[in-house]
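Trainee: Take this structure first; my questions come after.
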Amino acid sequence: MPELPEVETIRRGLDNQIAGLRIKSVQVKKARLVKGSVKKFIAVLTGNVFLKFNRRGKLLIAALKSGQFLLIHLKMTGQLIYQHGRQLIAGGHSFVGMDWRLPNRHTHIIFSFRNGSRLFFNDLRQFGYMKIVSKIELEKELKKFGIEPLTAGFSLKNFVEIFANKKTSAKALLMNQKFIAGLGNIYADEVCFYAKVKPSRRVPSLTEGEIKKLYQGCRVILAKAVKARGTTFSDYVDADGRQGGFIKFLKVYGRKGEKCRRCRRGVIVKIKQGGRGTHFCPQCQQ
DNA sequence: ACACCGTCCTGCGTGC
DNA sequence: TGCACGCAGGACGGTG
Ligand SMILES: [Zn+2]
């Protein structure tokens, strides 16, 4: 599912390809995916220009020439696919056997540009959304996010402070966007593995050294995943013919029953924690 | 104030 | 072969 590295990857693609393009028309096929008034959504976007694509956590933020912003959240199964002639820039959720015809039955919103290119917003489970906000509303939305990994504000000091006076589990804290922005179920499991910490460990029981390792894990794993252009679970290839290659670096997620790649003794188990599939090595994670 | 759980949704895998 | 059911999970709202 799209987490920080996957959203960052599509952000870069869209910023390169469609920043500066004028929107000719917008087609909303499923109103559920638009937060707020669909009529207003279409009215604001038609004739508008995408100036710049930014990101906060897993939230994509497109600055519009009108001064407003288009917020895009892909949740678990959202995809953004930009098609210009034979060129295809895709990002977000991908899976084996997906339908690459566009639009397909999961296409809910389509942007058409004057140069004939199109941007498709697909979402199998329809949990994702698009939303128009003003500058003021954007500021309000951004206040909900915690420290942003891969930025200067993501310091060890700030990270350690987050762990003070928390009683929840290590994984739940890592995934809480109010405190740390951008980690989802996959990368939270990977960070816990990196730090040799069981995802269920209560925060008060964590040592200083373990918190530091969790911090390093966030930095190392997310940086590596962005460099690999995210994790994809299919053979998808983008315009440059490269695959999102992080899947081969995953150590625990989706590896239930496999021998641990670190200690070579444990077997990766999958449990349910907080209603989410949670993976770890019972041998080398404490 | 904080922790936790149900909810939204569709397609796929499993078992009878 | 067909059908019912469980599972996948981000973020929000309600509950304790
Ligand atoms: Zn191990």
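Within each chain, counting starts at residue 1; across the structure tokens, chains are named A, B, ... in the order shown, with ligands numbered 1 upward in that order.
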List the neighbours of DC4 (chain B) out to 9 Å using only C-alpha atoms (C1' of nucleotides); skip same-chain residues closer than 3 positions along the sequence, and give me the result as JSON, numbers by chain.
Mentor: {"A": [274], "C": [15, 16]}
Trainee: Using only C-alpha atoms (C1' of nucleotides), please write the residues we just selected to a file, as a compact mmCIF listing (two decimals), in the first residue's frame.
Mentor:
```
# COMPACT_ATOMS: atom_id res chain seq x y z
CA GLY A 274 -4.63 -3.51 16.51
C1' DT C 15 -16.49 4.50 23.59
C1' DG C 16 -14.42 3.41 28.04
```
Trainee: Do a neighbour search on DC8 (chain B) at 10 Å with only C-alpha atoms (C1' of nucleotides), toss out local chain neighbours closer than 5 positions, and write the hits as a list in words.
Mentor: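 What passes the distance filter is Arg125, Gln126 and Phe127 of chain A.
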Trainee: Which one of A:Arg201, A:Gly275, A:Arg261, A:Leu250 sits closest to chain B if you count only C-alpha atoms (C1' of nucleotides)?
Mentor: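 Closest candidate: A:Gly275.
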Trainee: Enumerate as an NGL selection string the residues belonging to chain A that approach chain B to within 12 Å, with only C-alpha atoms (C1' of nucleotides) taken into account.
Mentor: :A and (32-33 or 75-77 or 95-98 or 105-106 or 123-128 or 165-169 or 172-173 or 273-276)
Trainee: Okay, now the selection with C-alpha atoms, as a PDB file, in the first residue's frame?
Mentor:
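The result, stored in result.pdb:
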```pdb
ATOM      1  CA  ARG A  32     -17.635   9.057  -2.900  1.00  0.00           C
ATOM      2  CA  LEU A  33     -13.989   9.780  -3.759  1.00  0.00           C
ATOM      3  CA  LYS A  75      -5.110   5.171   1.532  1.00  0.00           C
ATOM      4  CA  MET A  76      -4.441   1.480   0.758  1.00  0.00           C
ATOM      5  CA  THR A  77      -5.459   0.893  -2.822  1.00  0.00           C
ATOM      6  CA  PHE A  95      -0.797  -5.628  -7.580  1.00  0.00           C
ATOM      7  CA  VAL A  96      -0.252  -8.662  -9.717  1.00  0.00           C
ATOM      8  CA  GLY A  97      -2.754  -8.918 -12.523  1.00  0.00           C
ATOM      9  CA  MET A  98      -3.965  -5.338 -12.378  1.00  0.00           C
ATOM     10  CA  ARG A 105     -13.473  -0.232 -13.649  1.00  0.00           C
ATOM     11  CA  HIS A 106     -11.511   1.187 -10.730  1.00  0.00           C
ATOM     12  CA  ASP A 123      -9.035   3.044  -6.173  1.00  0.00           C
ATOM     13  CA  LEU A 124     -10.242  -0.512  -5.793  1.00  0.00           C
ATOM     14  CA  ARG A 125     -11.588  -0.167  -2.243  1.00  0.00           C
ATOM     15  CA  GLN A 126     -12.635   3.454  -2.620  1.00  0.00           C
ATOM     16  CA  PHE A 127     -11.132   4.598   0.684  1.00  0.00           C
ATOM     17  CA  GLY A 128      -8.946   7.263  -0.899  1.00  0.00           C
ATOM     18  CA  ASN A 165       4.699   9.451  28.482  1.00  0.00           C
ATOM     19  CA  LYS A 166       3.265   7.070  25.899  1.00  0.00           C
ATOM     20  CA  LYS A 167       1.727   3.791  27.002  1.00  0.00           C
ATOM     21  CA  THR A 168       0.863   2.319  23.637  1.00  0.00           C
ATOM     22  CA  SER A 169       2.847  -0.243  21.601  1.00  0.00           C
ATOM     23  CA  ALA A 172       1.066   1.822  17.096  1.00  0.00           C
ATOM     24  CA  LEU A 173       3.169   4.858  17.948  1.00  0.00           C
ATOM     25  CA  GLN A 273      -2.170  -6.359  16.369  1.00  0.00           C
ATOM     26  CA  GLY A 274      -4.627  -3.507  16.512  1.00  0.00           C
ATOM     27  CA  GLY A 275      -6.570  -5.216  13.740  1.00  0.00           C
ATOM     28  CA  ARG A 276      -3.532  -5.176  11.436  1.00  0.00           C
TER      29      ARG A 276
END
```
Trainee: Residues at most 10 Å from Cys263 (chain A), counting only C-alpha atoms (C1' of nucleotides), excluding those fewer than 3 positions away in the same chain, as a PyMOL selection string?
Mentor: chain A and resi 259-260+266-267+281+283-285
Trainee: Hey, what does DSSP flag as alpha helix (DSSP H) within region 3-138 of chain A? Can you give it to me as an MDAnalysis selection string?
Mentor: chainID A and resid 4:18 38:45 135:138
Trainee: Can you tell me which residues surround Asn115 (chain A) at a distance of at most 12 Å, considering only C-alpha atoms (C1' of nucleotides), apart from same-chain residues fewer than 5 positions away, and format the answer as number ranges by chain?
Mentor: A: 17-18, 20-25, 83-85
Trainee: Convert the current residue selection to file output with all heavy atoms, as a short mmCIF file (atom, residue, chain, number, x, y, z; two decimals), in the first residue's frame.
Mentor:
```cif
data_model
loop_
_atom_site.label_atom_id
_atom_site.label_comp_id
_atom_site.auth_asym_id
_atom_site.auth_seq_id
_atom_site.Cartn_x
_atom_site.Cartn_y
_atom_site.Cartn_z
N GLN A 17 6.07 15.84 -14.51
CA GLN A 17 5.28 15.68 -15.74
C GLN A 17 4.11 16.65 -15.88
O GLN A 17 3.80 17.07 -16.99
CB GLN A 17 4.73 14.25 -15.83
CG GLN A 17 5.80 13.19 -15.90
CD GLN A 17 6.66 13.31 -17.14
OE1 GLN A 17 6.16 13.56 -18.24
NE2 GLN A 17 7.97 13.16 -16.98
N ILE A 18 3.44 16.99 -14.79
CA ILE A 18 2.22 17.77 -15.01
C ILE A 18 2.20 19.13 -14.31
O ILE A 18 1.24 19.88 -14.50
CB ILE A 18 0.93 16.96 -14.71
CG1 ILE A 18 0.69 16.81 -13.22
CG2 ILE A 18 0.97 15.63 -15.35
CD1 ILE A 18 -0.60 16.05 -12.96
N GLY A 20 2.47 22.77 -14.17
CA GLY A 20 2.40 23.75 -15.26
C GLY A 20 1.32 23.46 -16.28
O GLY A 20 1.00 24.32 -17.10
N LEU A 21 0.72 22.28 -16.22
CA LEU A 21 -0.32 21.95 -17.21
C LEU A 21 -1.69 22.51 -16.78
O LEU A 21 -2.04 22.50 -15.61
CB LEU A 21 -0.45 20.44 -17.37
CG LEU A 21 0.70 19.68 -18.02
CD1 LEU A 21 0.27 18.26 -18.35
CD2 LEU A 21 1.19 20.39 -19.29
N ARG A 22 -2.43 23.00 -17.77
CA ARG A 22 -3.78 23.50 -17.53
C ARG A 22 -4.80 22.37 -17.66
O ARG A 22 -4.73 21.57 -18.58
CB ARG A 22 -4.12 24.64 -18.50
CG ARG A 22 -5.44 25.33 -18.20
CD ARG A 22 -5.66 26.54 -19.10
NE ARG A 22 -4.69 27.61 -18.85
CZ ARG A 22 -4.82 28.53 -17.92
NH1 ARG A 22 -5.87 28.55 -17.13
NH2 ARG A 22 -3.89 29.46 -17.77
N ILE A 23 -5.73 22.34 -16.72
CA ILE A 23 -6.74 21.28 -16.71
C ILE A 23 -7.87 21.66 -17.66
O ILE A 23 -8.50 22.71 -17.50
CB ILE A 23 -7.31 21.08 -15.28
CG1 ILE A 23 -6.18 20.70 -14.31
CG2 ILE A 23 -8.40 20.03 -15.28
CD1 ILE A 23 -6.50 20.95 -12.85
N LYS A 24 -8.10 20.81 -18.63
CA LYS A 24 -9.16 21.09 -19.60
C LYS A 24 -10.53 20.68 -19.05
O LYS A 24 -11.50 21.41 -19.14
CB LYS A 24 -8.88 20.34 -20.92
CG LYS A 24 -9.78 20.75 -22.08
CD LYS A 24 -9.35 20.11 -23.37
CE LYS A 24 -9.84 18.67 -23.43
NZ LYS A 24 -9.47 18.01 -24.72
N SER A 25 -10.55 19.48 -18.46
CA SER A 25 -11.81 19.01 -17.88
C SER A 25 -11.56 17.97 -16.79
O SER A 25 -10.50 17.36 -16.75
CB SER A 25 -12.70 18.41 -18.96
OG SER A 25 -12.08 17.27 -19.52
N GLN A 83 -1.08 9.42 -18.12
CA GLN A 83 -0.89 8.86 -19.45
C GLN A 83 -0.73 9.98 -20.47
O GLN A 83 -1.60 10.83 -20.60
CB GLN A 83 -2.10 7.99 -19.81
CG GLN A 83 -1.97 7.25 -21.12
CD GLN A 83 -3.21 6.43 -21.41
OE1 GLN A 83 -4.33 6.92 -21.33
NE2 GLN A 83 -3.03 5.18 -21.76
N HIS A 84 0.40 9.97 -21.13
CA HIS A 84 0.66 10.97 -22.19
C HIS A 84 1.17 10.22 -23.40
O HIS A 84 2.34 9.85 -23.46
CB HIS A 84 1.68 12.01 -21.71
CG HIS A 84 1.84 13.15 -22.65
ND1 HIS A 84 2.89 14.03 -22.60
CD2 HIS A 84 1.06 13.57 -23.68
CE1 HIS A 84 2.78 14.94 -23.55
NE2 HIS A 84 1.66 14.68 -24.22
N GLY A 85 0.29 10.01 -24.36
CA GLY A 85 0.66 9.18 -25.49
C GLY A 85 0.99 7.78 -25.00
O GLY A 85 0.21 7.18 -24.29
#
```
Trainee: Any chance you could list, as a PyMOL selection string, the residues in region 56-255 of chain A that come up strand (DSSP E) when DSSP is run on the backbone?
Mentor: chain A and resi 56+59-64+69-73+78-84+87-92+107-113+118-123+129-133
Trainee: Specify as a PDB file with all heavy atoms, in the first residue's frame all residues of chain C found within 12 Å of chain A, counting only C-alpha atoms (C1' of nucleotides).
Mentor:
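Saved file result01.pdb follows:
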```pdb
ATOM      1  P    DC C   7     -10.362 -13.835   9.566  1.00  0.00           P
ATOM      2  OP1  DC C   7      -9.472 -14.658  10.404  1.00  0.00           O
ATOM      3  OP2  DC C   7     -11.278 -12.836  10.161  1.00  0.00           O
ATOM      4  O5'  DC C   7      -9.477 -13.076   8.477  1.00  0.00           O
ATOM      5  C5'  DC C   7      -8.763 -13.824   7.500  1.00  0.00           C
ATOM      6  C4'  DC C   7      -8.272 -12.889   6.436  1.00  0.00           C
ATOM      7  O4'  DC C   7      -9.358 -12.532   5.555  1.00  0.00           O
ATOM      8  C3'  DC C   7      -7.722 -11.566   6.984  1.00  0.00           C
ATOM      9  O3'  DC C   7      -6.354 -11.460   6.653  1.00  0.00           O
ATOM     10  C2'  DC C   7      -8.564 -10.480   6.313  1.00  0.00           C
ATOM     11  C1'  DC C   7      -9.165 -11.209   5.120  1.00  0.00           C
ATOM     12  N1   DC C   7     -10.479 -10.704   4.667  1.00  0.00           N
ATOM     13  C2   DC C   7     -10.665 -10.398   3.323  1.00  0.00           C
ATOM     14  O2   DC C   7      -9.717 -10.542   2.542  1.00  0.00           O
ATOM     15  N3   DC C   7     -11.872  -9.955   2.902  1.00  0.00           N
ATOM     16  C4   DC C   7     -12.868  -9.812   3.783  1.00  0.00           C
ATOM     17  N4   DC C   7     -14.040  -9.380   3.325  1.00  0.00           N
ATOM     18  C5   DC C   7     -12.703 -10.128   5.170  1.00  0.00           C
ATOM     19  C6   DC C   7     -11.500 -10.563   5.558  1.00  0.00           C
ATOM     20  P    DA C   8      -5.398 -10.497   7.495  1.00  0.00           P
ATOM     21  OP1  DA C   8      -4.096 -11.194   7.655  1.00  0.00           O
ATOM     22  OP2  DA C   8      -6.115  -9.960   8.659  1.00  0.00           O
ATOM     23  O5'  DA C   8      -5.187  -9.275   6.474  1.00  0.00           O
ATOM     24  C5'  DA C   8      -4.511  -9.493   5.251  1.00  0.00           C
ATOM     25  C4'  DA C   8      -4.749  -8.311   4.340  1.00  0.00           C
ATOM     26  O4'  DA C   8      -6.095  -8.368   3.845  1.00  0.00           O
ATOM     27  C3'  DA C   8      -4.672  -6.964   5.072  1.00  0.00           C
ATOM     28  O3'  DA C   8      -3.329  -6.491   5.060  1.00  0.00           O
ATOM     29  C2'  DA C   8      -5.583  -6.077   4.223  1.00  0.00           C
ATOM     30  C1'  DA C   8      -6.520  -7.066   3.523  1.00  0.00           C
ATOM     31  N9   DA C   8      -7.915  -6.969   3.930  1.00  0.00           N
ATOM     32  C8   DA C   8      -8.434  -7.037   5.201  1.00  0.00           C
ATOM     33  N7   DA C   8      -9.734  -6.935   5.246  1.00  0.00           N
ATOM     34  C5   DA C   8     -10.095  -6.781   3.913  1.00  0.00           C
ATOM     35  C6   DA C   8     -11.341  -6.613   3.294  1.00  0.00           C
ATOM     36  N6   DA C   8     -12.496  -6.574   3.940  1.00  0.00           N
ATOM     37  N1   DA C   8     -11.358  -6.492   1.937  1.00  0.00           N
ATOM     38  C2   DA C   8     -10.191  -6.538   1.281  1.00  0.00           C
ATOM     39  N3   DA C   8      -8.967  -6.688   1.760  1.00  0.00           N
ATOM     40  C4   DA C   8      -8.984  -6.805   3.103  1.00  0.00           C
ATOM     41  P    DG C   9      -2.733  -5.809   6.348  1.00  0.00           P
ATOM     42  OP1  DG C   9      -1.276  -5.749   6.124  1.00  0.00           O
ATOM     43  OP2  DG C   9      -3.286  -6.467   7.546  1.00  0.00           O
ATOM     44  O5'  DG C   9      -3.351  -4.352   6.289  1.00  0.00           O
ATOM     45  C5'  DG C   9      -2.930  -3.448   5.266  1.00  0.00           C
ATOM     46  C4'  DG C   9      -3.783  -2.209   5.304  1.00  0.00           C
ATOM     47  O4'  DG C   9      -5.162  -2.593   5.132  1.00  0.00           O
ATOM     48  C3'  DG C   9      -3.720  -1.434   6.646  1.00  0.00           C
ATOM     49  O3'  DG C   9      -3.653  -0.059   6.376  1.00  0.00           O
ATOM     50  C2'  DG C   9      -5.026  -1.790   7.311  1.00  0.00           C
ATOM     51  C1'  DG C   9      -5.927  -1.932   6.110  1.00  0.00           C
ATOM     52  N9   DG C   9      -7.155  -2.685   6.326  1.00  0.00           N
ATOM     53  C8   DG C   9      -7.435  -3.576   7.326  1.00  0.00           C
ATOM     54  N7   DG C   9      -8.643  -4.072   7.254  1.00  0.00           N
ATOM     55  C5   DG C   9      -9.197  -3.472   6.133  1.00  0.00           C
ATOM     56  C6   DG C   9     -10.485  -3.595   5.539  1.00  0.00           C
ATOM     57  O6   DG C   9     -11.422  -4.311   5.914  1.00  0.00           O
ATOM     58  N1   DG C   9     -10.625  -2.809   4.400  1.00  0.00           N
ATOM     59  C2   DG C   9      -9.644  -1.989   3.896  1.00  0.00           C
ATOM     60  N2   DG C   9      -9.945  -1.297   2.801  1.00  0.00           N
ATOM     61  N3   DG C   9      -8.430  -1.857   4.435  1.00  0.00           N
ATOM     62  C4   DG C   9      -8.283  -2.623   5.548  1.00  0.00           C
ATOM     63  P    DG C  10      -2.394   0.775   6.856  1.00  0.00           P
ATOM     64  OP1  DG C  10      -1.313   0.516   5.899  1.00  0.00           O
ATOM     65  OP2  DG C  10      -2.191   0.542   8.283  1.00  0.00           O
ATOM     66  O5'  DG C  10      -2.899   2.270   6.662  1.00  0.00           O
ATOM     67  C5'  DG C  10      -2.980   2.844   5.363  1.00  0.00           C
ATOM     68  C4'  DG C  10      -3.682   4.178   5.433  1.00  0.00           C
ATOM     69  O4'  DG C  10      -5.107   3.971   5.531  1.00  0.00           O
ATOM     70  C3'  DG C  10      -3.323   5.049   6.633  1.00  0.00           C
ATOM     71  O3'  DG C  10      -3.393   6.409   6.205  1.00  0.00           O
ATOM     72  C2'  DG C  10      -4.361   4.703   7.674  1.00  0.00           C
ATOM     73  C1'  DG C  10      -5.577   4.297   6.831  1.00  0.00           C
ATOM     74  N9   DG C  10      -6.304   3.116   7.306  1.00  0.00           N
ATOM     75  C8   DG C  10      -5.792   2.007   7.927  1.00  0.00           C
ATOM     76  N7   DG C  10      -6.690   1.082   8.174  1.00  0.00           N
ATOM     77  C5   DG C  10      -7.863   1.619   7.677  1.00  0.00           C
ATOM     78  C6   DG C  10      -9.172   1.082   7.647  1.00  0.00           C
ATOM     79  O6   DG C  10      -9.556  -0.006   8.050  1.00  0.00           O
ATOM     80  N1   DG C  10     -10.076   1.955   7.055  1.00  0.00           N
ATOM     81  C2   DG C  10      -9.749   3.190   6.544  1.00  0.00           C
ATOM     82  N2   DG C  10     -10.747   3.883   6.006  1.00  0.00           N
ATOM     83  N3   DG C  10      -8.530   3.701   6.559  1.00  0.00           N
ATOM     84  C4   DG C  10      -7.643   2.867   7.143  1.00  0.00           C
ATOM     85  P    DA C  11      -3.111   7.573   7.240  1.00  0.00           P
ATOM     86  OP1  DA C  11      -2.694   8.724   6.419  1.00  0.00           O
ATOM     87  OP2  DA C  11      -2.269   7.077   8.335  1.00  0.00           O
ATOM     88  O5'  DA C  11      -4.552   7.915   7.818  1.00  0.00           O
ATOM     89  C5'  DA C  11      -5.546   8.385   6.921  1.00  0.00           C
ATOM     90  C4'  DA C  11      -6.871   8.514   7.645  1.00  0.00           C
ATOM     91  O4'  DA C  11      -7.358   7.209   8.010  1.00  0.00           O
ATOM     92  C3'  DA C  11      -6.828   9.325   8.951  1.00  0.00           C
ATOM     93  O3'  DA C  11      -7.984  10.132   8.969  1.00  0.00           O
ATOM     94  C2'  DA C  11      -6.899   8.251  10.029  1.00  0.00           C
ATOM     95  C1'  DA C  11      -7.832   7.268   9.341  1.00  0.00           C
ATOM     96  N9   DA C  11      -7.812   5.906   9.866  1.00  0.00           N
ATOM     97  C8   DA C  11      -6.758   5.208  10.385  1.00  0.00           C
ATOM     98  N7   DA C  11      -7.064   3.994  10.761  1.00  0.00           N
ATOM     99  C5   DA C  11      -8.402   3.884  10.477  1.00  0.00           C
ATOM    100  C6   DA C  11      -9.331   2.838  10.639  1.00  0.00           C
ATOM    101  N6   DA C  11      -9.015   1.646  11.163  1.00  0.00           N
ATOM    102  N1   DA C  11     -10.602   3.054  10.243  1.00  0.00           N
ATOM    103  C2   DA C  11     -10.916   4.247   9.729  1.00  0.00           C
ATOM    104  N3   DA C  11     -10.134   5.306   9.520  1.00  0.00           N
ATOM    105  C4   DA C  11      -8.879   5.058   9.923  1.00  0.00           C
ATOM    106  P    DC C  12      -8.033  11.499   9.734  1.00  0.00           P
ATOM    107  OP1  DC C  12      -7.789  12.544   8.725  1.00  0.00           O
ATOM    108  OP2  DC C  12      -7.204  11.421  10.946  1.00  0.00           O
ATOM    109  O5'  DC C  12      -9.562  11.545  10.160  1.00  0.00           O
ATOM    110  C5'  DC C  12     -10.558  11.057   9.255  1.00  0.00           C
ATOM    111  C4'  DC C  12     -11.678  10.388  10.034  1.00  0.00           C
ATOM    112  O4'  DC C  12     -11.295   9.041  10.397  1.00  0.00           O
ATOM    113  C3'  DC C  12     -12.028  11.101  11.345  1.00  0.00           C
ATOM    114  O3'  DC C  12     -13.423  11.324  11.384  1.00  0.00           O
ATOM    115  C2'  DC C  12     -11.583  10.122  12.419  1.00  0.00           C
ATOM    116  C1'  DC C  12     -11.750   8.794  11.706  1.00  0.00           C
ATOM    117  N1   DC C  12     -10.939   7.679  12.281  1.00  0.00           N
ATOM    118  C2   DC C  12     -11.544   6.446  12.529  1.00  0.00           C
ATOM    119  O2   DC C  12     -12.741   6.306  12.277  1.00  0.00           O
ATOM    120  N3   DC C  12     -10.800   5.437  13.047  1.00  0.00           N
ATOM    121  C4   DC C  12      -9.505   5.626  13.304  1.00  0.00           C
ATOM    122  N4   DC C  12      -8.817   4.604  13.804  1.00  0.00           N
ATOM    123  C5   DC C  12      -8.871   6.877  13.058  1.00  0.00           C
ATOM    124  C6   DC C  12      -9.613   7.872  12.550  1.00  0.00           C
TER     125       DC C  12
END
```
Trainee: In Å to one decimal, how far is CA of Ile72 (chain A) from CA of Ile132 (chain A)?
Mentor: 9.1 Å
Trainee: May I ask for the distance between CA of Lys270 (chain A) and CA of Ala188 (chain A), given in Å to one decimal place?
Mentor: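 Interatomic distance here is 13.7 Å.
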Trainee: In Å, with one decimal, what is the gap from CA of Arg202 (chain A) to CA of Ile180 (chain A)?
Mentor: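 Distance between the two atoms: 17.0 Å.
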Trainee: Need to verify the contact set: Gly217 (chain A), 7 Å, only C-alpha atoms (C1' of nucleotides), exclusion of same-chain residues closer than 3 positions in sequence. Can you return it as an MDAnalysis selection string?
Mentor: chainID A and resid 191 194:195 213:214 220:221
Trainee: Only N, CA and C atoms, please: the residues just picked out, written as a short mmCIF file (atom, residue, chain, number, x, y, z; two decimals), in the first residue's frame.
Mentor:
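Output (out-v5.cif):
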```cif
data_model
loop_
_atom_site.label_atom_id
_atom_site.label_comp_id
_atom_site.auth_asym_id
_atom_site.auth_seq_id
_atom_site.Cartn_x
_atom_site.Cartn_y
_atom_site.Cartn_z
N VAL A 191 10.67 -1.29 10.37
CA VAL A 191 11.43 -0.48 11.32
C VAL A 191 11.61 -1.23 12.64
N TYR A 194 14.26 -3.82 12.18
CA TYR A 194 15.58 -3.16 12.14
C TYR A 194 16.08 -2.91 13.56
N ALA A 195 15.16 -2.46 14.43
CA ALA A 195 15.54 -2.10 15.80
C ALA A 195 15.55 -3.30 16.74
N LYS A 213 17.59 3.08 17.90
CA LYS A 213 17.57 2.14 16.76
C LYS A 213 16.30 2.32 15.93
N LEU A 214 15.18 2.56 16.60
CA LEU A 214 13.92 2.79 15.87
C LEU A 214 14.05 4.05 15.02
N VAL A 220 16.96 5.06 7.77
CA VAL A 220 17.64 4.16 6.83
C VAL A 220 16.64 3.50 5.87
N ILE A 221 15.56 2.96 6.45
CA ILE A 221 14.61 2.19 5.63
C ILE A 221 13.84 3.09 4.67
#
```
